[in-house]
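Q: Take a look at run_12.txt, compact mmCIF, C-alpha atoms:
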# COMPACT_ATOMS: atom_id res chain seq x y z
CA MET A 21 0.00 0.00 0.00
CA LYS A 22 1.23 3.47 -0.94
CA GLU A 23 2.29 5.50 2.08
CA LYS A 24 0.45 8.79 2.54
CA GLU A 25 2.30 12.10 2.22
CA ILE A 26 2.10 14.36 5.26
CA TYR A 27 1.51 17.61 3.34
CA PRO A 28 -0.45 18.39 0.17
CA PRO A 29 1.58 18.94 -3.04
CA GLY A 30 2.91 22.45 -3.67
CA ASP A 31 3.60 25.35 -1.36
CA ALA A 32 1.58 25.61 1.89
CA GLY A 33 0.67 29.22 1.02
CA ILE A 34 -1.27 28.22 -2.11
CA TRP A 35 -3.51 25.96 -0.05
CA ILE A 36 -4.43 28.83 2.25
CA ILE A 37 -5.29 30.91 -0.85
CA ILE A 38 -7.29 28.00 -2.28
CA TYR A 39 -9.33 27.57 0.92
CA ILE A 40 -10.06 31.32 1.03
CA GLU A 41 -11.15 31.27 -2.63
CA LEU A 42 -13.35 28.24 -2.05
CA ILE A 43 -15.09 29.96 0.87
CA THR A 44 -15.58 33.18 -1.14
CA PHE A 45 -17.06 31.41 -4.15
CA GLY A 46 -19.07 29.13 -1.86
CA LEU A 47 -20.80 32.14 -0.31
CA PHE A 48 -21.61 33.44 -3.79
CA PHE A 49 -23.08 30.04 -4.75
CA LEU A 50 -25.28 30.01 -1.66
CA GLY A 51 -26.25 33.66 -2.28
CA TYR A 52 -27.38 32.66 -5.78
CA ILE A 53 -29.52 29.70 -4.70
CA TYR A 54 -31.19 31.58 -1.82
CA SER A 55 -31.90 34.63 -4.04
CA ARG A 56 -33.42 32.23 -6.56
CA ARG A 57 -35.90 31.08 -3.92
CA ALA A 58 -37.38 34.58 -3.76
CA ASP A 59 -38.22 34.60 -7.49
CA VAL A 60 -37.94 31.16 -9.07
CA GLU A 61 -39.87 32.20 -12.20
CA LEU A 62 -37.52 35.09 -12.96
CA PHE A 63 -34.43 32.90 -12.52
CA ASN A 64 -35.86 30.10 -14.68
CA SER A 65 -36.98 32.38 -17.51
CA SER A 66 -33.70 34.34 -17.48
CA GLN A 67 -31.69 31.10 -17.54
CA LEU A 68 -33.28 30.23 -20.91
CA ALA A 69 -31.24 33.07 -22.44
CA LEU A 70 -27.98 31.27 -21.59
CA ASN A 71 -26.14 29.01 -24.02
CA GLN A 72 -26.00 25.64 -22.24
CA THR A 73 -23.88 24.11 -25.00
CA ALA A 74 -21.20 26.79 -24.49
CA GLY A 75 -21.23 26.05 -20.75
CA PHE A 76 -20.94 22.32 -21.45
CA ILE A 77 -18.03 22.75 -23.89
CA ASN A 78 -16.26 25.03 -21.42
CA THR A 79 -16.64 22.38 -18.69
CA LEU A 80 -15.06 19.74 -20.95
CA ILE A 81 -12.27 22.20 -21.81
CA LEU A 82 -11.39 22.97 -18.18
CA ILE A 83 -11.49 19.31 -17.14
CA THR A 84 -9.23 18.34 -20.04
CA SER A 85 -6.88 21.22 -19.31
CA SER A 86 -6.59 20.10 -15.68
CA TYR A 87 -5.89 16.54 -16.86
CA PHE A 88 -3.08 17.83 -19.11
CA VAL A 89 -1.50 19.65 -16.14
CA VAL A 90 -1.50 16.43 -14.09
CA LYS A 91 0.09 14.62 -17.06
CA ALA A 92 2.81 17.31 -17.16
CA ILE A 93 3.58 16.76 -13.46
CA ASN A 94 3.59 12.98 -13.91
CA SER A 95 6.04 13.35 -16.82
CA ILE A 96 8.48 15.25 -14.61
CA LYS A 97 8.13 12.57 -11.91
CA THR A 98 8.65 9.72 -14.38
CA TYR A 99 11.32 10.53 -16.96
CA ASP A 100 14.88 11.88 -16.96
CA ILE A 101 15.05 15.67 -16.91
CA LYS A 102 15.64 16.22 -20.65
CA LYS A 103 12.83 13.96 -21.85
CA ALA A 104 10.53 15.00 -18.99
CA SER A 105 10.91 18.72 -19.73
CA LYS A 106 10.12 18.18 -23.38
CA ILE A 107 7.01 16.09 -22.70
CA ALA A 108 5.78 18.29 -19.84
CA THR A 109 6.16 21.42 -22.00
CA ARG A 110 3.86 19.84 -24.60
CA TRP A 111 1.22 19.00 -22.00
CA LEU A 112 1.43 22.51 -20.56
CA ASN A 113 1.12 24.08 -24.01
CA GLY A 114 -2.04 22.02 -24.47
CA ALA A 115 -3.41 23.10 -21.09
CA ILE A 116 -2.73 26.80 -21.79
CA SER A 117 -4.30 26.57 -25.24
CA LEU A 118 -7.44 25.04 -23.77
CA GLY A 119 -7.52 27.80 -21.15
CA ALA A 120 -7.39 30.34 -23.99
CA ILE A 121 -10.28 28.61 -25.80
CA PHE A 122 -12.30 28.71 -22.55
CA LEU A 123 -11.74 32.47 -22.31
CA ILE A 124 -12.69 33.03 -25.97
CA ILE A 125 -15.95 31.08 -25.59
CA LYS A 126 -16.78 32.86 -22.33
CA MET A 127 -15.95 36.24 -23.85
CA SER A 128 -18.22 35.51 -26.84
CA GLU A 129 -21.02 34.68 -24.38
CA PHE A 130 -20.50 38.03 -22.62
CA VAL A 131 -20.45 39.95 -25.93
CA THR A 132 -23.63 38.19 -27.11
CA LYS A 133 -25.42 39.05 -23.88
CA TYR A 134 -24.33 42.70 -24.00
CA SER A 135 -25.38 43.00 -27.66
CA GLU A 136 -28.83 41.69 -26.62
CA GLY A 137 -28.99 44.50 -24.08
CA ILE A 138 -28.47 42.14 -21.12
CA ASN A 139 -26.06 43.28 -18.42
CA LEU A 140 -25.41 43.27 -14.67
CA SER A 141 -28.40 45.48 -13.91
CA THR A 142 -30.95 43.61 -16.06
CA ASN A 143 -32.22 41.55 -13.13
CA LYS A 144 -31.00 39.56 -10.13
CA PHE A 145 -30.28 36.40 -12.14
CA PHE A 146 -28.01 38.22 -14.57
CA MET A 147 -26.34 40.12 -11.74
CA PHE A 148 -25.29 36.76 -10.28
CA TYR A 149 -24.49 35.32 -13.72
CA PHE A 150 -22.12 38.15 -14.64
CA LEU A 151 -20.57 38.49 -11.18
CA LEU A 152 -19.88 34.77 -10.77
CA THR A 153 -18.70 34.04 -14.30
CA MET A 154 -16.61 37.23 -14.62
CA PHE A 155 -15.00 36.59 -11.24
CA HIS A 156 -14.24 33.05 -12.40
CA PHE A 157 -13.03 34.36 -15.78
CA LEU A 158 -10.40 36.48 -13.97
CA HIS A 159 -9.25 33.39 -12.06
CA VAL A 160 -8.84 31.47 -15.32
CA LEU A 161 -6.82 34.38 -16.71
CA LEU A 162 -4.55 34.42 -13.65
CA GLY A 163 -4.25 30.63 -13.80
CA MET A 164 -3.10 30.86 -17.40
CA ILE A 165 -0.43 33.42 -16.51
CA ILE A 166 0.80 31.07 -13.78
CA LEU A 167 0.79 28.08 -16.18
CA PHE A 168 2.65 30.10 -18.80
CA ASN A 169 5.42 30.91 -16.31
CA ILE A 170 5.61 27.25 -15.24
CA LYS A 171 5.83 26.23 -18.89
CA GLU A 172 8.69 28.66 -19.54
CA LYS A 173 10.61 27.24 -16.57
CA THR A 174 9.84 23.66 -17.67
CA LYS A 175 11.19 24.43 -21.15
CA ILE A 176 14.61 25.29 -19.72
CA GLN A 177 14.56 22.12 -17.57
CA GLY A 178 13.78 24.07 -14.41
CA TYR A 179 11.91 21.20 -12.75
CA ASN A 180 13.00 17.68 -11.92
CA LYS A 181 11.89 14.74 -9.72
CA ASN A 182 13.36 16.36 -6.62
CA ASP A 183 12.34 19.95 -7.37
CA ILE A 184 8.75 20.03 -8.55
CA LYS A 185 7.07 22.08 -5.81
CA GLY A 186 6.73 25.22 -7.96
CA MET A 187 4.91 23.30 -10.67
CA GLN A 188 2.62 21.61 -8.16
CA THR A 189 1.79 24.98 -6.59
CA GLY A 190 0.59 26.44 -9.90
CA ALA A 191 -1.20 23.20 -10.77
CA ALA A 192 -3.15 23.25 -7.48
CA TYR A 193 -4.45 26.74 -8.33
CA TRP A 194 -5.48 25.60 -11.82
CA HIS A 195 -7.37 22.60 -10.41
CA MET A 196 -9.19 24.92 -7.98
CA VAL A 197 -10.40 26.96 -10.99
CA ASP A 198 -11.65 23.68 -12.49
CA LEU A 199 -13.34 22.62 -9.22
CA LEU A 200 -15.22 25.93 -9.00
CA TRP A 201 -16.49 25.64 -12.57
CA ILE A 202 -17.68 22.09 -11.89
CA ILE A 203 -20.19 23.58 -9.42
CA LEU A 204 -20.84 26.78 -11.39
CA PHE A 205 -21.92 24.93 -14.54
CA PRO A 206 -24.89 22.99 -13.09
CA LEU A 207 -25.79 25.82 -10.71
CA ILE A 208 -26.11 28.56 -13.33
CA TYR A 209 -26.80 26.66 -16.55
CA ILE A 210 -28.69 23.50 -15.58
CA ILE A 211 -30.62 23.73 -12.30
CA ARG A 212 -34.10 25.09 -12.79
CA MET B 27 -3.68 -1.34 -22.96
CA ARG B 28 -3.76 -0.60 -19.24
CA ILE B 29 -5.74 2.51 -18.30
CA ASN B 30 -4.52 4.15 -15.10
CA ARG B 31 -6.69 5.60 -12.33
CA LEU B 32 -6.06 9.18 -13.46
CA THR B 33 -7.44 8.46 -16.92
CA ILE B 34 -10.44 6.64 -15.44
CA ALA B 35 -11.11 9.70 -13.26
CA TYR B 36 -10.82 11.97 -16.32
CA LEU B 37 -13.20 9.83 -18.40
CA SER B 38 -15.66 9.68 -15.49
CA LEU B 39 -15.61 13.47 -15.29
CA ILE B 40 -16.38 13.72 -19.01
CA ILE B 41 -19.26 11.21 -18.79
CA LEU B 42 -20.79 12.89 -15.72
CA THR B 43 -20.55 16.29 -17.42
CA LEU B 44 -22.33 14.87 -20.46
CA PHE B 45 -25.02 13.53 -18.12
CA ALA B 46 -25.49 16.97 -16.49
CA TYR B 47 -25.66 18.65 -19.91
CA SER B 48 -28.28 16.11 -21.11
CA LEU B 49 -30.47 16.90 -18.10
CA GLY B 50 -30.40 20.57 -19.04
CA LYS B 51 -30.66 20.15 -22.79
CA PHE B 52 -33.67 17.83 -22.67
CA GLU B 53 -35.26 19.80 -19.81
CA LEU B 54 -35.33 16.75 -17.54
CA ILE B 55 -34.57 18.65 -14.34
CA ASN B 56 -37.18 17.95 -11.68
CA LYS B 57 -36.94 17.27 -7.95
CA THR B 58 -35.69 13.69 -8.50
CA PHE B 59 -33.14 14.45 -11.18
CA PHE B 60 -31.99 17.47 -9.19
CA ILE B 61 -30.77 15.23 -6.37
CA ILE B 62 -29.02 12.92 -8.87
CA LEU B 63 -27.36 15.99 -10.41
CA ILE B 64 -26.15 17.13 -6.98
CA ILE B 65 -24.74 13.66 -6.19
CA THR B 66 -22.93 13.46 -9.55
CA THR B 67 -21.55 16.99 -8.99
CA PHE B 68 -20.22 15.84 -5.62
CA ILE B 69 -18.56 12.84 -7.29
CA LYS B 70 -17.00 15.12 -9.92
CA GLY B 71 -15.68 17.48 -7.25
CA ALA B 72 -14.28 14.55 -5.27
CA LEU B 73 -12.51 13.20 -8.37
CA VAL B 74 -10.86 16.60 -8.97
CA ILE B 75 -9.81 16.81 -5.30
CA ASP B 76 -8.45 13.25 -5.18
CA TYR B 77 -6.84 12.77 -8.60
CA PHE B 78 -6.15 16.24 -10.03
CA MET B 79 -5.25 18.06 -6.80
CA GLU B 80 -3.56 14.80 -5.73
CA LEU B 81 -4.99 14.87 -2.21
CA LYS B 82 -5.89 11.16 -2.24
CA ASP B 83 -2.45 10.17 -0.99
CA VAL B 84 -2.09 13.01 1.50
CA SER B 85 -2.79 13.12 5.24
CA PHE B 86 -6.56 12.84 5.82
CA LYS B 87 -6.90 16.26 7.47
CA TYR B 88 -5.77 18.03 4.28
CA ARG B 89 -7.98 15.94 2.04
CA VAL B 90 -11.05 16.38 4.19
CA ILE B 91 -11.06 20.23 4.14
CA PRO B 92 -12.07 20.64 0.45
CA MET B 93 -14.35 17.58 0.76
CA ILE B 94 -16.22 19.22 3.65
CA TRP B 95 -16.42 22.46 1.66
CA LEU B 96 -17.90 20.55 -1.28
CA PHE B 97 -20.40 18.77 0.96
CA ILE B 98 -21.51 21.97 2.73
CA ILE B 99 -21.93 23.97 -0.50
CA LEU B 100 -23.86 21.23 -2.29
CA SER B 101 -26.02 20.60 0.81
CA GLY B 102 -26.72 24.35 0.99
CA ILE B 103 -27.68 24.38 -2.69
CA THR B 104 -29.98 21.38 -2.10
CA LEU B 105 -31.69 23.04 0.88
CA GLY B 106 -32.07 26.29 -1.07
CA TYR B 107 -33.66 24.41 -3.97
CA TYR B 108 -36.14 22.32 -1.99
CA PHE B 109 -37.19 24.62 0.88
How would this structure read if it were set down as structure tokens?

A:
Amino acid sequence: MKEKEIYPPGDAGIWIIIYIELITFGLFFLGYIYSRRADVELFNSSQLALNQTAGFINTLILITSSYFVVKAINSIKTYDIKKASKIATRWLNGAISLGAIFLIIKMSEFVTKYSEGINLSTNKFFMFYFLLTMFHFLHVLLGMIILFNIKEKTKIQGYNKNDIKGMQTGAAYWHMVDLLWIILFPLIYIIR
Amino acid sequence: MRINRLTIAYLSLIILTLFAYSLGKFELINKTFFIILIITTFIKGALVIDYFMELKDVSFKYRVIPMIWLFIILSGITLGYYF
């Protein structure tokens, strides 16, 4: 049986940030569902204006991107530094590209809504929709910047089996972004 | 070909996402399917925590924090939906 590690992967500081982010988003999620109770009809009719397929594709994209990041870490843990850096860079390039596609799809959703005259002040549902998804959008953007820096360091063989903490720290943040979207997608797009 | 646990977790996430999307697309959400959706969302969250965040092989106290968060938030959403 595999022996358990004492501490989670990555820097301890990132886990404190992750827990704070989870609590913040969690309060927003609960705020959404309890506001919905006050006017279920409004929330249900407004939700029809959303593009569920775009939300679905974006969920697949983030999950796949997270998977690629884990594959990058596993490559560093498995192979010799030269081969590992090359393979991990490819996985990270894939993860960053998927992150970019997520942002493009989300941005197109925002533009479509604004062109239809829908914005933050349209009603309570759209206030939550824009606040939650824009706040998440910024986290994806930050996650991509972090992944890009990790990728640059990986390219110059900056990580190896014994020095992988930096990569794990950035990866943990990226997975948090994924975890949040996994709740956001059914909450905003599906539940009615 | 041997498929490892990480890949199984990834494929499970894809299938469960497809399930959630189908519920929305075919307007199947009712009080019964809602609870199934919440359970599958919990499973998806747990898979991310265990296999992507790699907390499965870490001391229980660190693994349990995001799991409790997930449970509380999804329970809160369930209570808000039903009552």

Q: Rank nothing, just name the residue among A:Lys173, A:Arg212, A:His159, A:Lys126 nearest to chain B, using only C-alpha atoms.

A: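 For chain B, the nearest of the candidates is A:Arg212.
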
Q: Here is a test: counting all atoms listed in the file, which residue of B:Ile40, B:Thr67, B:Phe59, B:Phe78 is nearest to Ile93 (chain A)?

A: B:Phe78

Q: List the neighbours of Gly178 (chain A) out to 12 Å using all atoms listed in the file; skip same-chain residues closer than 2 positions along the sequence, and give me the result as a ChimeraX atom specification.

A: /A:96,101-102,104-106,108-109,169-176,180-187

Q: For a cutoff of 9 Å around the file-coordinate point (-10.6, 23.5, 4.7), which residues qualify once you count all atoms listed in the file? I'd like the result as a short mmCIF file (atom, residue, chain, number, x, y, z; two decimals) with C-alpha atoms, in the frame of the given file.

A:
data_model
loop_
_atom_site.label_atom_id
_atom_site.label_comp_id
_atom_site.auth_asym_id
_atom_site.auth_seq_id
_atom_site.Cartn_x
_atom_site.Cartn_y
_atom_site.Cartn_z
CA TRP A 35 -3.51 25.96 -0.05
CA ILE A 36 -4.43 28.83 2.25
CA ILE A 38 -7.29 28.00 -2.28
CA TYR A 39 -9.33 27.57 0.92
CA ILE A 40 -10.06 31.32 1.03
CA LEU A 42 -13.35 28.24 -2.05
CA ILE A 43 -15.09 29.96 0.87
CA LYS B 87 -6.90 16.26 7.47
CA TYR B 88 -5.77 18.03 4.28
CA ARG B 89 -7.98 15.94 2.04
CA VAL B 90 -11.05 16.38 4.19
CA ILE B 91 -11.06 20.23 4.14
CA PRO B 92 -12.07 20.64 0.45
CA MET B 93 -14.35 17.58 0.76
CA ILE B 94 -16.22 19.22 3.65
CA TRP B 95 -16.42 22.46 1.66
#

Q: What's around Val74 (chain B) at 10 Å? Count all atoms listed in the file, leave out sequence neighbours fewer than 5 positions away in its own chain, and write the answer as a list in words.

A: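 Answer for this query is Ile83, Ser86, Tyr87, His195, Met196, Asp198, Leu199 and Ile202 of chain A; Leu32, Ala35, Tyr36, Leu39, Phe68, Ile69, Met79, Glu80, Leu81 and Lys82 of chain B.
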